[in-house]
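Peer 1: Got a structure for you, structure34.cif, holding mmCIF, C-alpha atoms.
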data_protein
loop_
_atom_site.group_PDB
_atom_site.id
_atom_site.type_symbol
_atom_site.label_atom_id
_atom_site.label_comp_id
_atom_site.auth_asym_id
_atom_site.auth_seq_id
_atom_site.Cartn_x
_atom_site.Cartn_y
_atom_site.Cartn_z
ATOM 1 C CA CYS A 1 -16.121 -35.011 -2.158
ATOM 2 C CA ARG A 2 -14.348 -33.712 0.894
ATOM 3 C CA SER A 3 -15.852 -30.676 2.582
ATOM 4 C CA MET A 4 -13.888 -27.481 3.057
ATOM 5 C CA SER A 5 -11.771 -27.163 6.163
ATOM 6 C CA PRO A 6 -13.133 -24.982 8.983
ATOM 7 C CA GLN A 7 -10.290 -22.527 8.429
ATOM 8 C CA LEU A 8 -11.104 -22.090 4.745
ATOM 9 C CA THR A 9 -14.813 -21.777 5.484
ATOM 10 C CA GLN A 10 -14.091 -19.122 8.095
ATOM 11 C CA ALA A 11 -11.813 -17.254 5.691
ATOM 12 C CA LEU A 12 -14.428 -17.237 2.923
ATOM 13 C CA LEU A 13 -17.146 -16.065 5.311
ATOM 14 C CA LEU A 14 -14.932 -13.270 6.618
ATOM 15 C CA VAL A 15 -14.036 -12.023 3.145
ATOM 16 C CA VAL A 16 -17.679 -12.058 2.006
ATOM 17 C CA MET A 17 -18.657 -10.282 5.220
ATOM 18 C CA GLY A 18 -15.959 -7.681 4.604
ATOM 19 C CA TYR A 19 -17.185 -7.056 1.083
ATOM 20 C CA LEU A 20 -20.823 -6.693 2.148
ATOM 21 C CA ILE A 21 -20.027 -4.301 4.999
ATOM 22 C CA GLY A 22 -17.745 -2.303 2.704
ATOM 23 C CA SER A 23 -20.526 -2.161 0.131
ATOM 24 C CA LEU A 24 -22.881 -0.274 2.454
ATOM 25 C CA PRO A 25 -23.333 3.090 0.625
ATOM 26 C CA MET A 26 -23.107 5.389 3.614
ATOM 27 C CA GLY A 27 -23.427 8.557 1.527
ATOM 28 C CA VAL A 28 -26.731 7.371 0.081
ATOM 29 C CA ILE A 29 -27.938 6.045 3.441
ATOM 30 C CA VAL A 30 -27.205 9.324 5.247
ATOM 31 C CA ALA A 31 -28.895 11.306 2.456
ATOM 32 C CA ARG A 32 -32.048 9.196 2.681
ATOM 33 C CA ILE A 33 -32.238 9.183 6.476
ATOM 34 C CA THR A 34 -31.658 12.929 6.853
ATOM 35 C CA GLY A 35 -33.392 14.183 3.716
ATOM 36 C CA GLY A 36 -30.145 15.369 2.165
ATOM 37 C CA THR A 37 -29.194 15.476 -1.504
ATOM 38 C CA ASP A 38 -28.117 12.125 -2.910
ATOM 39 C CA PRO A 39 -24.359 12.512 -3.554
ATOM 40 C CA ARG A 40 -24.725 10.543 -6.777
ATOM 41 C CA SER A 41 -26.624 13.502 -8.260
ATOM 42 C CA VAL A 42 -23.787 16.053 -8.011
ATOM 43 C CA GLY A 43 -20.080 16.433 -8.695
ATOM 44 C CA SER A 44 -18.322 13.176 -9.453
ATOM 45 C CA GLY A 45 -21.425 11.113 -8.707
ATOM 46 C CA ARG A 46 -19.478 9.144 -6.103
ATOM 47 C CA THR A 47 -20.857 8.321 -2.670
ATOM 48 C CA GLY A 48 -17.860 9.108 -0.455
ATOM 49 C CA GLY A 49 -17.198 11.948 1.953
ATOM 50 C CA THR A 50 -15.829 14.457 -0.552
ATOM 51 C CA ASN A 51 -18.853 14.285 -2.801
ATOM 52 C CA ALA A 52 -21.137 14.112 0.229
ATOM 53 C CA LEU A 53 -19.615 17.440 1.265
ATOM 54 C CA ARG A 54 -20.560 18.921 -2.093
ATOM 55 C CA ALA A 55 -24.059 17.475 -1.923
ATOM 56 C CA MET A 56 -25.016 17.768 1.737
ATOM 57 C CA GLY A 57 -22.639 20.099 3.560
ATOM 58 C CA PRO A 58 -20.054 19.512 6.276
ATOM 59 C CA ARG A 59 -22.136 17.946 9.055
ATOM 60 C CA ARG A 60 -23.628 15.203 6.936
ATOM 61 C CA ALA A 61 -20.299 14.726 5.149
ATOM 62 C CA LEU A 62 -18.605 14.212 8.524
ATOM 63 C CA ALA A 63 -21.159 11.525 9.358
ATOM 64 C CA VAL A 64 -20.532 9.845 6.005
ATOM 65 C CA GLY A 65 -16.784 9.964 6.533
ATOM 66 C CA LEU A 66 -16.979 8.437 10.009
ATOM 67 C CA LEU A 67 -19.323 5.694 8.816
ATOM 68 C CA ASP A 68 -17.017 4.959 5.880
ATOM 69 C CA LEU A 69 -14.072 4.689 8.273
ATOM 70 C CA ALA A 70 -16.098 2.275 10.389
ATOM 71 C CA LYS A 71 -17.067 0.047 7.485
ATOM 72 C CA GLY A 72 -13.361 -0.443 6.773
ATOM 73 C CA ALA A 73 -12.389 -0.994 10.396
ATOM 74 C CA VAL A 74 -15.204 -3.277 11.553
ATOM 75 C CA PRO A 75 -14.506 -6.223 9.187
ATOM 76 C CA VAL A 76 -10.825 -6.212 10.123
ATOM 77 C CA LEU A 77 -11.635 -6.068 13.826
ATOM 78 C CA ILE A 78 -14.088 -8.960 13.435
ATOM 79 C CA ALA A 79 -11.432 -10.999 11.619
ATOM 80 C CA ILE A 80 -8.929 -10.314 14.400
ATOM 81 C CA TRP A 81 -11.529 -11.149 17.058
ATOM 82 C CA ALA A 82 -12.312 -14.406 15.228
ATOM 83 C CA GLY A 83 -8.653 -15.428 15.439
ATOM 84 C CA ALA A 84 -7.970 -15.183 11.712
ATOM 85 C CA THR A 85 -4.388 -15.024 10.511
ATOM 86 C CA PRO A 86 -3.050 -11.623 9.394
ATOM 87 C CA VAL A 87 -3.276 -12.785 5.767
ATOM 88 C CA VAL A 88 -6.972 -13.642 6.116
ATOM 89 C CA GLY A 89 -7.569 -10.420 8.043
ATOM 90 C CA ALA A 90 -5.809 -8.495 5.297
ATOM 91 C CA ILE A 91 -7.908 -10.073 2.544
ATOM 92 C CA THR A 92 -11.041 -9.355 4.585
ATOM 93 C CA GLY A 93 -10.016 -5.711 4.768
ATOM 94 C CA VAL A 94 -9.269 -5.574 1.058
ATOM 95 C CA GLY A 95 -12.742 -6.996 0.479
ATOM 96 C CA ALA A 96 -14.204 -4.079 2.426
ATOM 97 C CA VAL A 97 -12.233 -1.528 0.400
ATOM 98 C CA PHE A 98 -13.312 -3.236 -2.815
ATOM 99 C CA GLY A 99 -16.931 -3.120 -1.641
ATOM 100 C CA ALA A 100 -16.633 0.602 -0.940
ATOM 101 C CA TRP A 101 -15.518 1.060 -4.547
ATOM 102 C CA LYS A 102 -17.780 -1.507 -6.245
ATOM 103 C CA SER A 103 -20.857 -1.774 -4.058
ATOM 104 C CA VAL A 104 -23.194 -4.683 -4.723
ATOM 105 C CA PHE A 105 -25.999 -2.404 -3.502
ATOM 106 C CA LEU A 106 -25.280 0.281 -6.138
ATOM 107 C CA HIS A 107 -24.864 -1.886 -9.242
ATOM 108 C CA PHE A 108 -21.112 -2.043 -8.551
ATOM 109 C CA ARG A 109 -20.592 1.683 -8.248
ATOM 110 C CA GLY A 110 -19.716 3.590 -5.080
ATOM 111 C CA GLY A 111 -16.903 5.715 -3.717
ATOM 112 C CA ARG A 112 -13.162 5.423 -4.128
ATOM 113 C CA GLY A 113 -12.396 3.375 -1.023
ATOM 114 C CA VAL A 114 -10.180 5.918 0.730
ATOM 115 C CA ALA A 115 -12.020 6.248 4.039
ATOM 116 C CA ALA A 116 -12.695 2.512 4.231
ATOM 117 C CA GLY A 117 -9.024 1.906 3.508
ATOM 118 C CA VAL A 118 -7.925 4.275 6.263
ATOM 119 C CA GLY A 119 -10.393 2.683 8.686
ATOM 120 C CA GLY A 120 -9.062 -0.770 7.955
ATOM 121 C CA MET A 121 -5.484 0.410 8.392
ATOM 122 C CA ALA A 122 -6.373 2.064 11.689
ATOM 123 C CA ALA A 123 -7.724 -1.269 12.931
ATOM 124 C CA ILE A 124 -4.502 -2.976 11.856
ATOM 125 C CA SER A 125 -2.026 -0.330 13.019
ATOM 126 C CA LEU A 126 -3.127 3.083 14.246
ATOM 127 C CA GLY A 127 0.515 4.116 14.156
ATOM 128 C CA VAL A 128 0.690 3.774 10.362
ATOM 129 C CA VAL A 129 -2.343 6.049 10.017
ATOM 130 C CA LEU A 130 -1.013 8.648 12.447
ATOM 131 C CA VAL A 131 2.332 8.826 10.639
ATOM 132 C CA SER A 132 0.658 9.086 7.231
ATOM 133 C CA LEU A 133 -2.135 11.509 8.142
ATOM 134 C CA PRO A 134 0.000 14.686 7.989
ATOM 135 C CA VAL A 135 0.990 13.827 4.406
ATOM 136 C CA PHE A 136 -2.643 13.302 3.389
ATOM 137 C CA LEU A 137 -3.911 16.472 5.074
ATOM 138 C CA GLY A 138 -0.889 18.577 4.116
ATOM 139 C CA ILE A 139 -1.215 17.832 0.402
ATOM 140 C CA ILE A 140 -4.935 18.646 0.482
ATOM 141 C CA TYR A 141 -4.293 21.868 2.412
ATOM 142 C CA VAL A 142 -1.602 23.060 0.007
ATOM 143 C CA THR A 143 -3.177 21.980 -3.297
ATOM 144 C CA ARG A 144 -6.913 21.673 -2.425
ATOM 145 C CA TYR A 145 -6.896 18.446 -4.430
ATOM 146 C CA VAL A 146 -8.493 15.747 -2.259
ATOM 147 C CA SER A 147 -7.690 13.179 -4.928
ATOM 148 C CA LEU A 148 -3.977 14.007 -4.879
ATOM 149 C CA GLY A 149 -3.909 13.842 -1.084
ATOM 150 C CA SER A 150 -5.675 10.489 -1.218
ATOM 151 C CA LEU A 151 -3.320 9.054 -3.819
ATOM 152 C CA LEU A 152 -0.081 10.186 -2.205
ATOM 153 C CA GLY A 153 -1.351 9.630 1.332
ATOM 154 C CA THR A 154 -2.269 6.003 0.672
ATOM 155 C CA ALA A 155 0.985 5.360 -1.160
ATOM 156 C CA PHE A 156 2.932 6.870 1.721
ATOM 157 C CA GLY A 157 0.915 4.772 4.168
ATOM 158 C CA ALA A 158 1.868 1.632 2.256
ATOM 159 C CA LEU A 159 5.548 2.589 2.523
ATOM 160 C CA VAL A 160 5.163 3.292 6.233
ATOM 161 C CA SER A 161 3.642 -0.160 6.749
ATOM 162 C CA VAL A 162 6.690 -1.707 5.076
ATOM 163 C CA VAL A 163 8.915 0.201 7.500
ATOM 164 C CA PHE A 164 6.780 -0.985 10.420
ATOM 165 C CA VAL A 165 7.208 -4.590 9.259
ATOM 166 C CA ALA A 166 10.971 -4.097 8.934
ATOM 167 C CA LEU A 167 11.077 -2.720 12.491
ATOM 168 C CA GLY A 168 9.068 -5.676 13.782
ATOM 169 C CA TRP A 169 6.073 -3.535 14.727
ATOM 170 C CA LEU A 170 3.685 -5.176 12.239
ATOM 171 C CA ASP A 171 3.208 -8.735 10.986
ATOM 172 C CA ALA A 172 4.273 -9.083 7.347
ATOM 173 C CA GLY A 173 0.933 -10.686 6.476
ATOM 174 C CA TRP A 174 -0.741 -7.300 6.807
ATOM 175 C CA LEU A 175 1.300 -5.979 3.873
ATOM 176 C CA LEU A 176 -1.246 -7.719 1.671
ATOM 177 C CA TYR A 177 -3.779 -5.193 2.937
ATOM 178 C CA SER A 178 -1.469 -2.245 2.298
ATOM 179 C CA ALA A 179 -0.734 -3.404 -1.234
ATOM 180 C CA GLY A 180 -4.262 -4.457 -2.130
ATOM 181 C CA GLY A 181 -6.005 -1.484 -0.568
ATOM 182 C CA THR A 182 -3.618 1.008 -2.148
ATOM 183 C CA ALA A 183 -4.013 -0.630 -5.555
ATOM 184 C CA ILE A 184 -7.808 -0.368 -5.358
ATOM 185 C CA VAL A 185 -7.657 3.288 -4.321
ATOM 186 C CA TRP A 186 -5.332 4.136 -7.204
ATOM 187 C CA ILE A 187 -7.413 2.249 -9.761
ATOM 188 C CA ALA A 188 -10.557 3.918 -8.425
ATOM 189 C CA HIS A 189 -8.868 7.293 -8.959
ATOM 190 C CA SER A 190 -7.926 6.624 -12.584
ATOM 191 C CA ASP A 191 -10.239 9.370 -13.844
ATOM 192 C CA ASN A 192 -8.861 11.793 -11.255
ATOM 193 C CA ILE A 193 -5.314 10.975 -12.320
ATOM 194 C CA GLY A 194 -6.268 11.835 -15.897
ATOM 195 C CA ARG A 195 -7.769 15.163 -14.813
ATOM 196 C CA LEU A 196 -4.784 15.960 -12.588
ATOM 197 C CA ARG A 197 -2.463 15.432 -15.531
ATOM 198 C CA ALA A 198 -4.691 17.582 -17.743
ATOM 199 C CA GLY A 199 -5.062 20.303 -15.118
ATOM 200 C CA THR A 200 -8.852 19.959 -15.017
ATOM 201 C CA GLU A 201 -9.306 18.219 -11.657
ATOM 202 C CA ARG A 202 -11.863 19.770 -9.273
ATOM 203 C CA ARG A 203 -10.367 21.456 -6.228
ATOM 204 C CA LEU A 204 -11.946 21.259 -2.813
ATOM 205 C CA GLY A 205 -14.578 23.969 -2.596
ATOM 206 C CA SER A 206 -14.916 24.375 -6.363
ATOM 207 C CA PRO A 207 -18.376 24.412 -8.028
ATOM 208 C CA THR A 208 -19.977 20.989 -8.487
ATOM 209 C CA THR A 209 -20.765 21.502 -12.149
#
Could you quickly redo this structure as C-alpha cells?

Peer 2:
Amino acid sequence: CRSMSPQLTQALLLVVMGYLIGSLPMGVIVARITGGTDPRSVGSGRTGGTNALRAMGPRRALAVGLLDLAKGAVPVLIAIWAGATPVVGAITGVGAVFGAWKSVFLHFRGGRGVAAGVGGMAAISLGVVLVSLPVFLGIIYVTRYVSLGSLLGTAFGALVSVVFVALGWLDAGWLLYSAGGTAIVWIAHSDNIGRLRAGTERRLGSPTT
C-alpha cells in the first residue's frame, strides 16, 4: 500500500499535538503544584479559570487562565511555524479547544474551551480578539454571568472573523477555526444554557454550593 504523503502526515501530527496540548488540565496542574484546592471539587467541577477562581482565588486563577490561553495559542503558532496551510492550522487549533473540553488526561472531562479558544484566535488574528473582548467583558460586567459572556463573546468573535475575511485581513481557511471552536464552546456550555433559561445559573462571585 502507498504510504501517506508528507503533507498528510504533518497535518495528522499537528492535530494530535494540538489535542494533547489542549488536554493539559492547567487548573488541576496549578492546584497540585501550589497546594491549592482541586477545581474539580467545587462549583461546576470544571477545570477552567472561572472554577479555579472559586476553588483557589484570583492569583492562582489568573495563572490558570494564562496557561489555558497559551495551550490554545501554542499549537496554532507551531502549525504556522511549520508552514501548514490555514485549514490545517485551523483544525490544529480546533483540536486544542476540543482537548480543553474533553481532556484525555481527565477521562475526557475538563473545562469549556473558552480560554484555549481565545488563545488560538489571538495567535491567528489578535485584531479579532481585541474587537471582541469588550463584548465578552461587558456582558460579564453587566450580568455577572461568565457563561453568557463566553457564549456571546465567542459568537461575536466568529462574526468578526467573517468580517475580517471579507475585508481581506484574514485567510478564509481560518474560518474553520472560528466555526469549530465556537461550536465546541457552545456545546460545552449546554448545561449553562439550560440554567440561564431557567434562571438558576451561578453568577460570578456567588457561593460555590

Peer 1: Under the rule of at most 12 Å, produce a per-residue listing of segment 128-157 of chain A near segment 169-189 of chain A: chain, number, name, the closest pair of atoms, and the distance in Å, as CSV, using only C-alpha atoms.

Peer 2:
residue,atom,partner,partner_atom,distance
A:Val128,CA,A:Leu170,CA,9.6
A:Val129,CA,A:Ser178,CA,11.4
A:Val146,CA,A:His189,CA,10.8
A:Ser147,CA,A:His189,CA,7.2
A:Leu148,CA,A:His189,CA,9.3
A:Gly149,CA,A:His189,CA,11.4
A:Ser150,CA,A:Val185,CA,8.1
A:Leu151,CA,A:Trp186,CA,6.3
A:Leu152,CA,A:Trp186,CA,9.4
A:Gly153,CA,A:Thr182,CA,9.6
A:Thr154,CA,A:Thr182,CA,5.9
A:Ala155,CA,A:Thr182,CA,6.4
A:Phe156,CA,A:Thr182,CA,9.6
A:Gly157,CA,A:Ser178,CA,7.6

Peer 1: Would you write out, as a PyMOL selection string, every residue that the PyMOL selection byres ((chain A and resi 99) around 10) captures in this file?

Peer 2: chain A and resi 16+18-25+71-72+93-98+100-105+108-113+116

Peer 1: Given the file shown, determine the residues that the PyMOL selection byres ((chain A and resi 8-13) around 12) selects; report them as a ChimeraX atom specification.

Peer 2: /A:3-7,14-20,75-76,78-80,82-93,95

Peer 1: Could you tell me how far atom CA of Arg144 of chain A lies from atom CA of Thr47 of chain A, in Å and to one decimal?

Peer 2: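 Those two atoms sit 19.3 Å apart.
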
Peer 1: Determine, for each residue of segment 74-125 of chain A having at least one atom at most 12 Å from an atom of segment 134-143 of chain A, the closest pair of atoms and their separation in Å to one decimal, counting all atoms listed in the file; order by chain and ascending number, as JSON lines.

Peer 2:
{"residue": "A:Val114", "atom": "CA", "partner": "A:Phe136", "partner_atom": "CA", "distance": 10.9}
{"residue": "A:Ala115", "atom": "CA", "partner": "A:Phe136", "partner_atom": "CA", "distance": 11.8}
{"residue": "A:Val118", "atom": "CA", "partner": "A:Phe136", "partner_atom": "CA", "distance": 10.8}
